[in-house]
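S.K.: File start_13.pdb below, PDB, C-alpha atoms:
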ATOM      1  CA  MET A1194    -217.585-144.796 -28.483
ATOM      2  CA  THR A1195    -217.068-141.250 -27.292
ATOM      3  CA  ASN A1196    -218.950-138.978 -24.965
ATOM      4  CA  ASP A1197    -220.138-136.084 -27.118
ATOM      5  CA  LYS A1198    -220.144-133.088 -24.772
ATOM      6  CA  SER A1199    -222.252-131.094 -27.256
ATOM      7  CA  ARG A1200    -225.272-133.334 -26.799
ATOM      8  CA  ASP A1201    -227.974-132.907 -24.203
ATOM      9  CA  ALA A1202    -227.040-133.368 -20.557
ATOM     10  CA  ILE A1203    -226.849-136.976 -19.435
ATOM     11  CA  VAL A1204    -230.017-138.349 -17.871
ATOM     12  CA  VAL A1205    -229.023-140.511 -14.914
ATOM     13  CA  PRO A1206    -230.987-143.186 -13.044
ATOM     14  CA  VAL A1207    -233.299-142.350 -10.182
ATOM     15  CA  ASP A1208    -231.355-141.621  -6.984
ATOM     16  CA  PRO A1209    -232.061-144.525  -4.570
ATOM     17  CA  GLN A1210    -231.547-142.139  -1.655
ATOM     18  CA  VAL A1211    -234.447-140.041  -2.922
ATOM     19  CA  GLN A1212    -236.821-142.751  -4.153
ATOM     20  CA  PRO A1213    -236.619-146.247  -2.616
ATOM     21  CA  ARG A1214    -235.157-148.848  -4.922
ATOM     22  CA  TYR A1215    -238.287-150.993  -4.805
ATOM     23  CA  ALA A1216    -240.359-148.146  -6.306
ATOM     24  CA  GLY A1217    -240.538-146.595  -9.742
ATOM     25  CA  TRP A1218    -239.948-147.941 -13.242
ATOM     26  CA  THR A1219    -238.524-151.458 -13.483
ATOM     27  CA  THR A1220    -235.948-150.539 -16.092
ATOM     28  CA  TYR A1221    -232.459-151.952 -15.720
ATOM     29  CA  ALA A1222    -230.924-150.203 -12.668
ATOM     30  CA  ARG A1223    -233.841-147.758 -12.996
ATOM     31  CA  LEU A1224    -232.204-146.186 -16.035
ATOM     32  CA  PRO A1225    -234.213-143.744 -18.144
ATOM     33  CA  ARG A1226    -236.243-145.310 -20.923
ATOM     34  CA  LEU A1227    -234.862-144.943 -24.428
ATOM     35  CA  GLU A1228    -237.762-142.693 -25.420
ATOM     36  CA  ASP A1229    -236.884-140.347 -22.542
ATOM     37  CA  VAL A1230    -233.413-139.453 -23.869
ATOM     38  CA  SER A1231    -232.307-137.799 -27.096
ATOM     39  CA  HIS A1232    -229.674-140.448 -27.741
ATOM     40  CA  ALA A1233    -228.267-143.483 -25.953
ATOM     41  CA  ASP A1234    -224.594-144.413 -26.120
ATOM     42  CA  VAL A1235    -225.444-147.804 -24.632
ATOM     43  CA  ALA A1236    -228.872-149.421 -24.397
ATOM     44  CA  VAL A1237    -230.060-152.416 -22.414
ATOM     45  CA  VAL A1238    -232.470-154.390 -24.602
ATOM     46  CA  GLY A1239    -234.672-157.285 -23.540
ATOM     47  CA  VAL A1240    -235.415-160.218 -25.838
ATOM     48  CA  PRO A1241    -238.024-162.354 -24.016
ATOM     49  CA  PHE A1242    -237.783-165.374 -26.294
ATOM     50  CA  ASP A1243    -237.191-169.007 -25.295
ATOM     51  CA  SER A1244    -238.796-171.124 -28.020
ATOM     52  CA  ALA A1245    -235.410-172.544 -29.084
ATOM     53  CA  VAL A1246    -234.556-174.354 -25.843
ATOM     54  CA  THR A1247    -233.840-178.087 -25.630
ATOM     55  CA  TYR A1248    -234.554-178.654 -21.942
ATOM     56  CA  ARG A1249    -236.059-176.266 -19.378
ATOM     57  CA  PRO A1250    -238.110-173.350 -20.746
ATOM     58  CA  GLY A1251    -238.724-170.068 -18.941
ATOM     59  CA  ALA A1252    -235.946-167.735 -20.119
ATOM     60  CA  ARG A1253    -238.585-165.554 -21.784
ATOM     61  CA  PHE A1254    -239.089-164.170 -18.288
ATOM     62  CA  GLY A1255    -235.361-163.527 -17.871
ATOM     63  CA  PRO A1256    -235.224-159.855 -18.942
ATOM     64  CA  ASN A1257    -237.796-158.790 -16.358
ATOM     65  CA  ALA A1258    -236.133-160.884 -13.639
ATOM     66  CA  ILE A1259    -232.751-159.293 -14.368
ATOM     67  CA  ARG A1260    -234.263-155.824 -14.337
ATOM     68  CA  GLN A1261    -235.960-156.496 -11.011
ATOM     69  CA  ALA A1262    -232.711-157.755  -9.474
ATOM     70  CA  SER A1263    -230.850-154.733 -10.859
ATOM     71  CA  ARG A1264    -232.719-152.442  -8.473
ATOM     72  CA  LEU A1265    -229.828-153.194  -6.084
ATOM     73  CA  VAL A1266    -227.245-151.714  -8.467
ATOM     74  CA  ARG A1267    -225.664-148.481  -7.239
ATOM     75  CA  GLY A1268    -223.958-145.885  -9.408
ATOM     76  CA  TYR A1269    -220.236-146.292  -8.679
ATOM     77  CA  ASN A1270    -218.043-149.275  -9.520
ATOM     78  CA  PRO A1271    -215.063-149.203  -7.129
ATOM     79  CA  GLU A1272    -213.237-152.072  -8.844
ATOM     80  CA  LEU A1273    -213.082-150.175 -12.147
ATOM     81  CA  ASP A1274    -213.137-146.708 -10.560
ATOM     82  CA  ILE A1275    -216.008-145.566 -12.742
ATOM     83  CA  ALA A1276    -219.460-144.075 -12.308
ATOM     84  CA  PRO A1277    -220.614-145.211 -15.760
ATOM     85  CA  PHE A1278    -224.034-143.584 -15.732
ATOM     86  CA  GLN A1279    -222.382-140.174 -15.316
ATOM     87  CA  VAL A1280    -219.910-140.686 -18.151
ATOM     88  CA  CYS A1281    -222.161-141.514 -21.082
ATOM     89  CA  GLN A1282    -225.859-141.920 -21.747
ATOM     90  CA  PHE A1283    -227.315-145.293 -20.820
ATOM     91  CA  ALA A1284    -230.966-146.186 -21.350
ATOM     92  CA  ASP A1285    -233.323-149.146 -21.252
ATOM     93  CA  ALA A1286    -234.841-149.799 -24.672
ATOM     94  CA  GLY A1287    -237.491-152.164 -23.336
ATOM     95  CA  ASP A1288    -238.218-155.516 -24.952
ATOM     96  CA  ILE A1289    -238.229-156.566 -28.579
ATOM     97  CA  ALA A1290    -241.512-158.264 -29.424
ATOM     98  CA  CYS A1291    -240.916-161.395 -31.477
ATOM     99  CA  ASN A1292    -242.939-164.389 -32.629
ATOM    100  CA  PRO A1293    -242.938-167.088 -29.911
ATOM    101  CA  PHE A1294    -244.049-169.797 -32.366
ATOM    102  CA  ASP A1295    -241.630-169.273 -35.279
ATOM    103  CA  ILE A1296    -237.915-169.305 -34.437
ATOM    104  CA  ALA A1297    -236.722-168.094 -37.845
ATOM    105  CA  GLN A1298    -239.169-165.204 -37.901
ATOM    106  CA  ALA A1299    -238.275-164.256 -34.328
ATOM    107  CA  VAL A1300    -234.581-164.193 -35.204
ATOM    108  CA  ASP A1301    -235.305-161.951 -38.200
ATOM    109  CA  GLN A1302    -237.405-159.602 -36.071
ATOM    110  CA  VAL A1303    -234.709-159.261 -33.433
ATOM    111  CA  THR A1304    -232.036-158.766 -36.100
ATOM    112  CA  ALA A1305    -233.994-155.937 -37.712
ATOM    113  CA  GLU A1306    -234.666-154.055 -34.480
ATOM    114  CA  LEU A1307    -231.146-154.408 -33.112
ATOM    115  CA  THR A1308    -229.609-153.408 -36.437
ATOM    116  CA  ALA A1309    -231.743-150.262 -36.507
ATOM    117  CA  LEU A1310    -230.663-149.415 -32.951
ATOM    118  CA  LEU A1311    -226.961-150.012 -33.573
ATOM    119  CA  SER A1312    -227.019-148.059 -36.835
ATOM    120  CA  GLU A1313    -227.791-144.965 -34.749
ATOM    121  CA  GLY A1314    -224.447-145.301 -32.985
ATOM    122  CA  THR A1315    -225.793-147.074 -29.913
ATOM    123  CA  ARG A1316    -224.099-150.112 -28.353
ATOM    124  CA  ALA A1317    -226.398-152.783 -26.948
ATOM    125  CA  VAL A1318    -226.357-155.214 -24.052
ATOM    126  CA  VAL A1319    -229.065-157.782 -24.765
ATOM    127  CA  LEU A1320    -230.912-159.531 -21.936
ATOM    128  CA  GLY A1321    -232.256-162.940 -22.946
ATOM    129  CA  GLY A1322    -234.103-165.025 -23.507
ATOM    130  CA  ASP A1323    -232.444-168.263 -24.573
ATOM    131  CA  HIS A1324    -229.042-168.351 -26.285
ATOM    132  CA  SER A1325    -230.518-168.321 -29.777
ATOM    133  CA  VAL A1326    -230.913-164.547 -29.339
ATOM    134  CA  ALA A1327    -227.125-164.229 -29.660
ATOM    135  CA  LEU A1328    -227.380-164.955 -33.392
ATOM    136  CA  PRO A1329    -229.515-161.914 -34.310
ATOM    137  CA  SER A1330    -227.427-159.787 -31.960
ATOM    138  CA  LEU A1331    -224.262-160.899 -33.764
ATOM    139  CA  ARG A1332    -225.902-160.212 -37.119
ATOM    140  CA  ALA A1333    -226.663-156.673 -36.011
ATOM    141  CA  ALA A1334    -223.149-156.185 -34.642
ATOM    142  CA  HIS A1335    -221.664-157.476 -37.897
ATOM    143  CA  ALA A1336    -223.765-155.031 -39.923
ATOM    144  CA  VAL A1337    -222.069-152.159 -38.082
ATOM    145  CA  HIS A1338    -218.632-153.502 -37.115
ATOM    146  CA  GLY A1339    -217.902-156.348 -39.525
ATOM    147  CA  PRO A1340    -216.678-159.750 -38.257
ATOM    148  CA  VAL A1341    -216.180-159.816 -34.493
ATOM    149  CA  ALA A1342    -214.125-161.873 -32.063
ATOM    150  CA  LEU A1343    -216.504-163.721 -29.770
ATOM    151  CA  VAL A1344    -215.767-164.243 -26.070
ATOM    152  CA  HIS A1345    -218.315-166.806 -24.960
ATOM    153  CA  PHE A1346    -218.925-167.646 -21.288
ATOM    154  CA  ASP A1347    -220.857-170.907 -21.090
ATOM    155  CA  ALA A1348    -220.860-174.449 -19.765
ATOM    156  CA  HIS A1349    -221.555-175.585 -23.335
ATOM    157  CA  LEU A1350    -219.972-175.006 -26.738
ATOM    158  CA  ASP A1351    -223.198-173.961 -28.503
ATOM    159  CA  THR A1352    -221.631-174.834 -31.850
ATOM    160  CA  TRP A1353    -223.724-177.944 -32.453
ATOM    161  CA  ASP A1354    -225.450-178.322 -35.803
ATOM    162  CA  SER A1355    -229.159-179.033 -35.322
ATOM    163  CA  TYR A1356    -231.695-180.599 -32.995
ATOM    164  CA  TYR A1357    -234.586-182.640 -34.422
ATOM    165  CA  GLY A1358    -234.097-180.963 -37.779
ATOM    166  CA  ALA A1359    -234.107-177.421 -36.353
ATOM    167  CA  ASP A1360    -231.068-175.366 -37.402
ATOM    168  CA  LEU A1361    -231.763-172.408 -35.115
ATOM    169  CA  THR A1362    -231.654-173.439 -31.452
ATOM    170  CA  HIS A1363    -229.975-172.274 -28.292
ATOM    171  CA  GLY A1364    -227.292-174.923 -28.888
ATOM    172  CA  SER A1365    -226.312-173.798 -32.387
ATOM    173  CA  PRO A1366    -226.034-169.981 -32.582
ATOM    174  CA  PHE A1367    -222.277-169.849 -32.985
ATOM    175  CA  ARG A1368    -222.073-172.504 -35.712
ATOM    176  CA  ARG A1369    -224.637-170.489 -37.644
ATOM    177  CA  ALA A1370    -222.711-167.273 -36.893
ATOM    178  CA  PHE A1371    -219.495-168.815 -38.207
ATOM    179  CA  GLU A1372    -221.233-170.112 -41.344
ATOM    180  CA  GLU A1373    -222.633-166.634 -42.004
ATOM    181  CA  GLY A1374    -219.194-165.009 -41.708
ATOM    182  CA  LEU A1375    -220.087-163.031 -38.595
ATOM    183  CA  LEU A1376    -217.055-164.189 -36.589
ATOM    184  CA  GLN A1377    -213.324-163.798 -36.827
ATOM    185  CA  GLU A1378    -211.078-166.787 -36.120
ATOM    186  CA  THR A1379    -209.903-165.607 -32.702
ATOM    187  CA  ASN A1380    -212.892-166.659 -30.627
ATOM    188  CA  MET A1381    -212.868-168.130 -27.137
ATOM    189  CA  HIS A1382    -215.100-170.243 -24.924
ATOM    190  CA  VAL A1383    -214.711-169.748 -21.167
ATOM    191  CA  GLY A1384    -216.118-172.055 -18.476
ATOM    192  CA  VAL A1385    -216.856-175.098 -20.625
ATOM    193  CA  ARG A1386    -217.371-178.331 -18.698
ATOM    194  CA  GLY A1387    -219.463-181.467 -18.441
ATOM    195  CA  SER A1388    -220.422-184.181 -20.892
ATOM    196  CA  ILE A1389    -220.761-183.650 -24.637
ATOM    197  CA  TYR A1390    -222.271-185.764 -27.408
ATOM    198  CA  ASP A1391    -219.053-186.865 -29.079
ATOM    199  CA  LYS A1392    -215.315-186.075 -29.123
ATOM    200  CA  GLN A1393    -215.792-184.883 -32.703
ATOM    201  CA  ASP A1394    -217.741-181.915 -31.315
ATOM    202  CA  LEU A1395    -214.446-180.477 -30.039
ATOM    203  CA  VAL A1396    -212.757-181.021 -33.390
ATOM    204  CA  GLU A1397    -215.508-179.200 -35.249
ATOM    205  CA  ASP A1398    -215.586-176.416 -32.675
ATOM    206  CA  ALA A1399    -211.887-175.724 -33.237
ATOM    207  CA  LYS A1400    -212.572-175.370 -36.974
ATOM    208  CA  PHE A1401    -214.888-172.482 -36.152
ATOM    209  CA  GLY A1402    -211.980-170.503 -34.683
ATOM    210  CA  PHE A1403    -212.558-171.247 -31.008
ATOM    211  CA  SER A1404    -210.014-171.756 -28.262
ATOM    212  CA  VAL A1405    -211.354-173.239 -25.021
ATOM    213  CA  ILE A1406    -210.720-172.366 -21.383
ATOM    214  CA  THR A1407    -212.381-175.069 -19.309
ATOM    215  CA  CYS A1408    -213.379-174.723 -15.686
ATOM    216  CA  ARG A1409    -210.420-176.935 -14.815
ATOM    217  CA  ASP A1410    -208.184-174.423 -16.615
ATOM    218  CA  ILE A1411    -209.740-171.612 -14.584
ATOM    219  CA  THR A1412    -208.733-173.405 -11.385
ATOM    220  CA  LYS A1413    -205.128-173.477 -12.606
ATOM    221  CA  LEU A1414    -204.963-170.039 -14.215
ATOM    222  CA  GLY A1415    -207.003-167.957 -11.797
ATOM    223  CA  SER A1416    -209.033-164.972 -12.952
ATOM    224  CA  ASP A1417    -205.996-162.907 -13.953
ATOM    225  CA  GLY A1418    -204.652-165.743 -16.066
ATOM    226  CA  VAL A1419    -207.993-166.144 -17.833
ATOM    227  CA  ILE A1420    -208.139-162.408 -18.553
ATOM    228  CA  GLU A1421    -204.627-162.497 -19.996
ATOM    229  CA  ARG A1422    -205.516-165.441 -22.250
ATOM    230  CA  ILE A1423    -208.601-163.626 -23.536
ATOM    231  CA  ARG A1424    -206.697-160.421 -24.243
ATOM    232  CA  GLU A1425    -203.996-162.302 -26.114
ATOM    233  CA  ARG A1426    -206.571-164.194 -28.128
ATOM    234  CA  VAL A1427    -208.780-161.297 -29.293
ATOM    235  CA  GLY A1428    -206.114-158.613 -29.653
ATOM    236  CA  ASP A1429    -207.467-155.371 -31.117
ATOM    237  CA  ALA A1430    -210.455-156.972 -32.841
ATOM    238  CA  PRO A1431    -213.991-155.745 -32.156
ATOM    239  CA  VAL A1432    -215.178-158.025 -29.362
ATOM    240  CA  TYR A1433    -218.657-159.338 -28.667
ATOM    241  CA  VAL A1434    -219.215-160.944 -25.252
ATOM    242  CA  SER A1435    -221.918-163.565 -24.789
ATOM    243  CA  VAL A1436    -222.676-164.710 -21.246
ATOM    244  CA  ASP A1437    -224.827-167.777 -20.721
ATOM    245  CA  ILE A1438    -225.569-167.662 -17.007
ATOM    246  CA  ASP A1439    -225.087-171.435 -16.820
ATOM    247  CA  VAL A1440    -221.353-170.752 -16.965
ATOM    248  CA  LEU A1441    -221.871-170.360 -13.227
ATOM    249  CA  ASP A1442    -222.127-173.392 -10.987
ATOM    250  CA  PRO A1443    -225.760-174.238 -10.141
ATOM    251  CA  ALA A1444    -224.985-173.156  -6.577
ATOM    252  CA  HIS A1445    -224.607-169.630  -7.972
ATOM    253  CA  ALA A1446    -227.181-169.866 -10.784
ATOM    254  CA  PRO A1447    -229.860-172.518 -10.250
ATOM    255  CA  GLY A1448    -232.383-170.656 -12.403
ATOM    256  CA  THR A1449    -231.241-171.695 -15.853
ATOM    257  CA  GLY A1450    -232.263-174.091 -18.578
ATOM    258  CA  THR A1451    -229.362-176.569 -18.737
ATOM    259  CA  PRO A1452    -227.402-176.479 -15.450
ATOM    260  CA  GLU A1453    -224.008-178.207 -15.235
ATOM    261  CA  ALA A1454    -222.140-178.986 -12.011
ATOM    262  CA  GLY A1455    -218.628-177.681 -11.420
ATOM    263  CA  GLY A1456    -218.952-174.175 -12.823
ATOM    264  CA  MET A1457    -217.470-170.769 -12.096
ATOM    265  CA  SER A1458    -218.399-168.858  -8.986
ATOM    266  CA  SER A1459    -220.149-165.527  -9.408
ATOM    267  CA  ARG A1460    -217.045-163.819  -8.007
ATOM    268  CA  GLU A1461    -214.807-165.437 -10.641
ATOM    269  CA  LEU A1462    -217.128-164.493 -13.486
ATOM    270  CA  LEU A1463    -217.425-160.886 -12.342
ATOM    271  CA  GLU A1464    -213.638-160.621 -12.015
ATOM    272  CA  VAL A1465    -213.082-161.869 -15.556
ATOM    273  CA  VAL A1466    -215.803-159.696 -17.108
ATOM    274  CA  ARG A1467    -214.349-156.710 -15.271
ATOM    275  CA  GLY A1468    -210.980-157.499 -16.828
ATOM    276  CA  LEU A1469    -212.399-156.992 -20.320
ATOM    277  CA  ASP A1470    -211.934-153.242 -19.939
ATOM    278  CA  GLN A1471    -208.770-153.633 -22.043
ATOM    279  CA  VAL A1472    -210.479-155.173 -25.092
ATOM    280  CA  ASN A1473    -212.457-153.445 -27.839
ATOM    281  CA  LEU A1474    -215.926-154.315 -26.541
ATOM    282  CA  ILE A1475    -218.676-153.496 -29.049
ATOM    283  CA  GLY A1476    -221.650-155.524 -27.812
ATOM    284  CA  ALA A1477    -222.816-158.176 -25.374
ATOM    285  CA  ASP A1478    -225.622-160.384 -24.180
ATOM    286  CA  VAL A1479    -226.570-162.042 -20.883
ATOM    287  CA  VAL A1480    -228.900-164.978 -21.461
ATOM    288  CA  GLU A1481    -230.580-168.148 -20.160
ATOM    289  CA  VAL A1482    -231.930-166.788 -16.860
ATOM    290  CA  SER A1483    -235.022-168.900 -16.159
ATOM    291  CA  PRO A1484    -236.587-167.421 -13.004
ATOM    292  CA  ALA A1485    -239.054-170.260 -12.435
ATOM    293  CA  TYR A1486    -236.091-172.394 -11.344
ATOM    294  CA  ASP A1487    -234.436-169.628  -9.328
ATOM    295  CA  HIS A1488    -234.272-169.308  -5.543
ATOM    296  CA  ALA A1489    -234.292-165.946  -3.741
ATOM    297  CA  GLU A1490    -233.275-164.249  -7.032
ATOM    298  CA  ILE A1491    -229.789-165.843  -6.847
ATOM    299  CA  THR A1492    -229.502-166.246 -10.607
ATOM    300  CA  ALA A1493    -231.144-162.930 -11.454
ATOM    301  CA  VAL A1494    -228.875-161.042  -9.052
ATOM    302  CA  ALA A1495    -225.812-162.680 -10.627
ATOM    303  CA  ALA A1496    -227.011-161.763 -14.119
ATOM    304  CA  ALA A1497    -227.825-158.198 -13.072
ATOM    305  CA  ASN A1498    -224.304-157.788 -11.728
ATOM    306  CA  VAL A1499    -222.697-159.285 -14.830
ATOM    307  CA  THR A1500    -224.674-156.737 -16.827
ATOM    308  CA  TRP A1501    -223.485-153.973 -14.485
ATOM    309  CA  GLU A1502    -219.853-154.935 -15.064
ATOM    310  CA  LEU A1503    -220.394-154.907 -18.831
ATOM    311  CA  LEU A1504    -221.957-151.443 -18.634
ATOM    312  CA  SER A1505    -219.052-150.300 -16.472
ATOM    313  CA  VAL A1506    -216.601-151.519 -19.114
ATOM    314  CA  PHE A1507    -218.490-149.496 -21.720
ATOM    315  CA  GLY A1508    -218.251-146.517 -19.378
ATOM    316  CA  ARG A1509    -214.478-146.973 -19.080
ATOM    317  CA  LYS A1510    -214.203-146.953 -22.845
ATOM    318  CA  ALA A1511    -216.119-143.687 -23.078
ATOM    319  CA  ARG A1512    -214.220-141.858 -20.332
TER     320      ARG A1512
END
Written as structure tokens, that's how I'd like the structure from this file.
M.R.:
Amino acid sequence: MTNDKSRDAIVVPVDPQVQPRYAGWTTYARLPRLEDVSHADVAVVGVPFDSAVTYRPGARFGPNAIRQASRLVRGYNPELDIAPFQVCQFADAGDIACNPFDIAQAVDQVTAELTALLSEGTRAVVLGGDHSVALPSLRAAHAVHGPVALVHFDAHLDTWDSYYGADLTHGSPFRRAFEEGLLQETNMHVGVRGSIYDKQDLVEDAKFGFSVITCRDITKLGSDGVIERIRERVGDAPVYVSVDIDVLDPAHAPGTGTPEAGGMSSRELLEVVRGLDQVNLIGADVVEVSPAYDHAEITAVAAANVTWELLSVFGRKAR
């Protein structure tokens, strides 16, 4: 991704010192809408779909909750020394409308719209929605970049096979992605913890090319050690980052569908995501924010800031 100086001048978000942050369009960080710019280097895209959940519903309201919480985002990232919105063109592409009653059709609809967007040279950060939306996002990324290395932040593996005969659920996107040839064999789970169905789940997961960093490992390694492990694992491959907000401890993200005790802190997650500025990031998603279970926007604020760090990494790549 490069910043083409010959294109139109960059359209930046509304200045919060001119218009209060609680006013104006509720786009992510009050970015311009996609239709208001000639081209977007990076677009934030909402997928308000949660019909593939196995426990708490409500993530269909996640994109709007994240956008609302993002009103607090300012324009300069001191940790990465970047003002991303001044470096390349960011925009909010709004939400993809998809069938709430037919999972397979919804996945196809999201795949088609994201593929069309990415084929124009735009990178996307998808706001879910449940974790099933990662599958169409990976399909779109594969159409442009070929097989990708997946860095997956989650309490759960999400490589299970099926639930009640359904092959497309929020617990199975990465098994389906592997079966479809969308992934390389240098993938990584980060933040996994808690009970699973059977020890065989770990054996099968390894066959899909995943290495695992558990929350216990994070305690030992620290954020820098986790970043180093990720960089070593993915190398120069095109990298897709998928962030299930339940990777955070419920103290930091109560508003999610399948909370698990003993997770990462929001500080740890932000540090690790920030450290991905040295990998070849080509796409990302932030999913499973269920605002009905949130308190004082804790979960939405965390997700908005994870998204901000991902956008900042894209900005670093363009600089």
S.K.: Written as a short mmCIF file (atom, residue, chain, number, x, y, z; two decimals) with C-alpha atoms, in the coordinates of the input, what is the full residue list that the PyMOL selection byres ((chain A and resi 1373) around 12) yields on the file shown?
M.R.:
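Saved result, part-v8.cif, follows:
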data_model
loop_
_atom_site.label_atom_id
_atom_site.label_comp_id
_atom_site.auth_asym_id
_atom_site.auth_seq_id
_atom_site.Cartn_x
_atom_site.Cartn_y
_atom_site.Cartn_z
CA LEU A 1328 -227.38 -164.96 -33.39
CA PRO A 1329 -229.52 -161.91 -34.31
CA LEU A 1331 -224.26 -160.90 -33.76
CA ARG A 1332 -225.90 -160.21 -37.12
CA HIS A 1335 -221.66 -157.48 -37.90
CA ALA A 1336 -223.76 -155.03 -39.92
CA GLY A 1339 -217.90 -156.35 -39.52
CA PRO A 1340 -216.68 -159.75 -38.26
CA PRO A 1366 -226.03 -169.98 -32.58
CA PHE A 1367 -222.28 -169.85 -32.98
CA ARG A 1368 -222.07 -172.50 -35.71
CA ARG A 1369 -224.64 -170.49 -37.64
CA ALA A 1370 -222.71 -167.27 -36.89
CA PHE A 1371 -219.50 -168.82 -38.21
CA GLU A 1372 -221.23 -170.11 -41.34
CA GLY A 1374 -219.19 -165.01 -41.71
CA LEU A 1375 -220.09 -163.03 -38.60
CA LEU A 1376 -217.06 -164.19 -36.59
CA GLN A 1377 -213.32 -163.80 -36.83
CA PHE A 1401 -214.89 -172.48 -36.15
#
S.K.: Give me, as a ChimeraX atom specification, all polymer residues having an atom no more than 6 Å from A:Gly1321, counting all atoms listed in the file and skipping those fewer than 4 positions away in the same chain.
M.R.: /A:1240-1241,1255-1256,1480
S.K.: If you keep C-alpha atoms, can you produce a file of those selected residues as a compact mmCIF listing (two decimals), in the frame of the given file?
M.R.:
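See out.txt below for the written result:
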# COMPACT_ATOMS: atom_id res chain seq x y z
CA VAL A 1240 -235.42 -160.22 -25.84
CA PRO A 1241 -238.02 -162.35 -24.02
CA GLY A 1255 -235.36 -163.53 -17.87
CA PRO A 1256 -235.22 -159.85 -18.94
CA VAL A 1480 -228.90 -164.98 -21.46
S.K.: In Å, how far is it from atom CA of A:His1488 to atom CA of A:His1382?
M.R.: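 Computing it gives 27.3 Å between the two atoms.
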S.K.: In Å, with one decimal, what is the gap from atom CA of A:Gly1415 to atom CA of A:Val1319?
M.R.: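 Going from atom CA of A:Gly1415 over to atom CA of A:Val1319, I get 27.5 Å.
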S.K.: Pick from A:Arg1467, A:Arg1512, A:Arg1409, A:Arg1226: nearest to A:Asn1270, with all atoms listed in the file counted?
M.R.: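 Under the stated criterion, the closest residue is A:Arg1467.
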S.K.: Which value, in Å to one decimal, gives the distance between atom CA of A:Ser1355 and atom CA of A:Val1246?
M.R.: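 Interatomic distance, atom CA of A:Ser1355 to atom CA of A:Val1246: 11.9 Å.
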S.K.: Given 6 Å of margin on each side, can you work out the centre and size in Å (one decimal) of an axis-aligned box holding every listed atom of stretch 1388-1392 of chain A, as AutoDock Vina command-line options?
M.R.:
--center_x -218.8 --center_y -185.3 --center_z -25.0 --size_x 19.0 --size_y 15.2 --size_z 20.2
S.K.: Just want the 12 Å neighbourhood of A:Gly1251, counted on only C-alpha atoms, with same-chain residues fewer than 5 positions away dropped. Output as a list in words.
M.R.: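 With the cut-off at 12 Å, the set is Pro1241, Phe1242, Asp1243, Ser1244, Ala1245, Val1246, Pro1256, Asn1257, Ala1258, Gly1321, Gly1322, Asp1323, Gly1448, Thr1449, Gly1450, Thr1451, Val1480, Glu1481, Val1482, Ser1483, Pro1484, Ala1485, Tyr1486 and Asp1487 of chain A.
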S.K.: When distances are computed from only C-alpha atoms, which of A:Gln1279, A:Thr1304, A:Thr1379, A:Ser1325 shows the smallest separation from A:Thr1362?
M.R.: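 Smallest distance to A:Thr1362 is found for A:Ser1325.
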S.K.: Identify, on the basis of only C-alpha atoms, every residue whose closest approach to stretch 1214-1222 of chain A does not exceed 6 Å; exclude the query and any residue fewer than 2 positions from it along the same chain; express the result as a ChimeraX atom specification.
M.R.: /A:1209,1224,1260,1263-1264,1266,1285
S.K.: Which one of A:Val1432, A:Ala1276, A:Ala1495, A:Ala1359 sits closest to A:Thr1247 if you count all atoms listed in the file?
M.R.: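 Counting all atoms listed in the file, the residue closest to A:Thr1247 is A:Ala1359.
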S.K.: Can you spell out as a ChimeraX atom specification the set of residues that the PyMOL selection byres ((chain A and resi 1281) around 12) selects in the structure I just provided?
M.R.: /A:1194-1198,1200-1205,1230,1232-1236,1275-1280,1282-1284,1315-1316,1504-1512
S.K.: Report the residues retrieved by the PyMOL selection byres ((chain A and resi 1408) around 8) from the displayed file, expressed as a PyMOL selection string.
M.R.: chain A and resi 1383-1386+1406-1407+1409-1412+1455-1457
S.K.: Find the residue from A:Gly1239, A:Val1436, A:Leu1441, A:Glu1464 that sits nearest to A:Ala1286; use all atoms listed in the file when measuring.
M.R.: A:Gly1239
S.K.: Using all atoms listed in the file, which residue out of A:Val1499, A:His1324, A:Arg1253, A:Thr1492 lies closest to A:Pro1293?
M.R.: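 With all atoms listed in the file as the atom set, the closest residue is A:Arg1253.
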S.K.: With all atoms listed in the file as the atoms that count, which of A:Asp1360, A:Asp1439, A:Glu1378, A:Asp1354 lies nearest to A:Val1300?
M.R.: A:Asp1360
S.K.: Identify, on the basis of all atoms listed in the file, every residue whose closest approach to A:Val1466 does not exceed 12 Å; exclude the query and any residue fewer than 6 positions from it along the same chain; express the result as a PyMOL selection string.
M.R.: chain A and resi 1272-1273+1344-1346+1383+1416-1417+1419-1421+1423-1424+1433-1436+1459-1460+1472+1474+1477+1479+1496+1498-1507
S.K.: How would you write as a PDB file with C-alpha atoms, in the coordinates of the input the residues that get within 9 Å of (-213.5, -172.2, -32.6) in the file's frame, counting only C-alpha atoms?
M.R.:
ATOM      1  CA  THR A1352    -221.631-174.834 -31.850  1.00  0.00           C
ATOM      2  CA  PHE A1371    -219.495-168.815 -38.207  1.00  0.00           C
ATOM      3  CA  GLU A1378    -211.078-166.787 -36.120  1.00  0.00           C
ATOM      4  CA  THR A1379    -209.903-165.607 -32.702  1.00  0.00           C
ATOM      5  CA  ASN A1380    -212.892-166.659 -30.627  1.00  0.00           C
ATOM      6  CA  MET A1381    -212.868-168.130 -27.137  1.00  0.00           C
ATOM      7  CA  HIS A1382    -215.100-170.243 -24.924  1.00  0.00           C
ATOM      8  CA  LEU A1395    -214.446-180.477 -30.039  1.00  0.00           C
ATOM      9  CA  VAL A1396    -212.757-181.021 -33.390  1.00  0.00           C
ATOM     10  CA  GLU A1397    -215.508-179.200 -35.249  1.00  0.00           C
ATOM     11  CA  ASP A1398    -215.586-176.416 -32.675  1.00  0.00           C
ATOM     12  CA  ALA A1399    -211.887-175.724 -33.237  1.00  0.00           C
ATOM     13  CA  LYS A1400    -212.572-175.370 -36.974  1.00  0.00           C
ATOM     14  CA  PHE A1401    -214.888-172.482 -36.152  1.00  0.00           C
ATOM     15  CA  GLY A1402    -211.980-170.503 -34.683  1.00  0.00           C
ATOM     16  CA  PHE A1403    -212.558-171.247 -31.008  1.00  0.00           C
ATOM     17  CA  SER A1404    -210.014-171.756 -28.262  1.00  0.00           C
ATOM     18  CA  VAL A1405    -211.354-173.239 -25.021  1.00  0.00           C
TER      19      VAL A1405
END
